[in-house]
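Chemist: Once you've had a glance at the structure underneath, I'll fire off some questions.
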Amino acid sequence: MAQERGHLAGVGVTRIHHTGVVVRSLEDAYAFYRDTLSLRLVKEAVMEDQGVKAALLDLGNSLLELLEPIDPDFGIARFLETRGEGLHHVCLEVANINASLADLKSKNVELIDEEPRAGLTGDIAFIHPKGLHGVLVELVHAPTALRIGE
Ligand code: CO
């Protein structure tokens, strides 16, 4: 069954955990995503080590992550300045992030994070977009992943 889940099958992907969107201002983005679209705000936090203020909104079986850059020295601020607001990354939930990273390394996939690190939603690691046809992909470890409703 796992082999039917696409080309990342050996990585143990179980679902889209969240989609990350870069915005200029969380407050401005709330006007649409929270107030007009009526998505429930699950969590908001400043992540100084990542140069962002981030928010998670409940999409039912997945989450929407809004990312407001707060420090010009981080890549996410440069992303906003060069590309503007918009889709930044897709986060895939995996059953065992260490096993997933080992599997990717064995397949010579270029990783941004060689080891998992603590993120807003749990233990995370980013895969370099050049191996994924231009999509920045984040992995999150299922046992530590933020569940909807938390
Ligand atoms: Co994310």
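Chains: A, B, ... in order of the structure tokens. Residues: from 1 per chain. Ligands: from 1, in order shown.
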Name the residues of chain A that fall into strand (DSSP E) according to DSSP on the backbone, using the chain letters and numbers of this document, as number ranges by chain.
Modeler: A: 13-22, 41-47, 52-58, 63-69, 86-94, 117-119, 122-127, 137-141
Chemist: Around ligand 1, which protein and nucleic acid residues have at least one atom no more than 8 Å from it, if we count only C-alpha atoms and all ligand atoms? List them as a CSV table (one decimal) with N, CA, C and O atoms, in the first residue's frame.
Modeler:
chain,number,residue,atom,x,y,z
A,18,HIS,N,0.6,20.8,6.3
A,18,HIS,CA,0.2,22.2,6.1
A,18,HIS,C,0.8,22.8,4.8
A,18,HIS,O,1.7,22.2,4.3
A,19,THR,N,0.3,23.9,4.4
A,19,THR,CA,0.8,24.7,3.3
A,19,THR,C,1.2,26.0,3.8
A,19,THR,O,0.5,26.7,4.6
A,20,GLY,N,2.5,26.4,3.5
A,20,GLY,CA,3.0,27.6,4.0
A,20,GLY,C,2.9,28.8,3.0
A,20,GLY,O,3.3,28.6,1.8
A,65,GLU,N,-0.4,27.6,7.1
A,65,GLU,CA,0.7,28.3,7.9
A,65,GLU,C,0.9,29.6,7.2
A,65,GLU,O,1.4,29.7,6.0
A,89,HIS,N,5.9,27.0,0.8
A,89,HIS,CA,6.2,25.6,0.9
A,89,HIS,C,5.0,24.7,1.2
A,89,HIS,O,4.0,25.2,1.6
A,90,VAL,N,5.2,23.4,0.9
A,90,VAL,CA,4.2,22.4,1.3
A,90,VAL,C,4.9,21.5,2.3
A,90,VAL,O,6.0,21.1,2.1
A,91,CYS,N,4.1,21.2,3.4
A,91,CYS,CA,4.7,20.4,4.4
A,91,CYS,C,4.0,19.0,4.4
A,91,CYS,O,2.8,18.9,4.5
A,119,GLY,N,10.4,22.9,14.9
A,119,GLY,CA,9.6,24.0,14.2
A,119,GLY,C,8.3,24.3,14.9
A,119,GLY,O,8.0,23.7,15.9
A,120,LEU,N,7.6,25.1,14.3
A,120,LEU,CA,6.3,25.5,14.9
A,120,LEU,C,5.3,24.3,15.0
A,120,LEU,O,4.5,24.3,15.9
A,121,THR,N,5.4,23.4,14.1
A,121,THR,CA,4.5,22.3,14.1
A,121,THR,C,5.0,21.0,14.6
A,121,THR,O,4.3,20.0,14.6
A,138,GLU,N,8.7,20.7,3.1
A,138,GLU,CA,9.1,20.5,4.5
A,138,GLU,C,8.5,19.2,4.9
A,138,GLU,O,7.4,18.8,4.5
Chemist: Compile the contact shell of region 35-46 of chain A as a list in words: residues with an atom at most 8 Å away, counting only C-alpha atoms, same-chain residues fewer than 6 positions apart removed.
Modeler: Val52, Lys53, Ala54, Ala55, Leu56, Leu57, Asp58, Leu59, Leu120, Ile148, Gly149 and Glu150 of chain A
Chemist: Please return, as a PyMOL selection string, all residues of region 3-148 of chain A that DSSP assigns to alpha helix (DSSP H) on the basis of the backbone.
Modeler: chain A and resi 26-30+75-83+97-106
Chemist: Between CA of Leu139 (chain A) and CA of Leu92 (chain A), what is the distance, to one decimal in Å?
Modeler: 4.9 Å
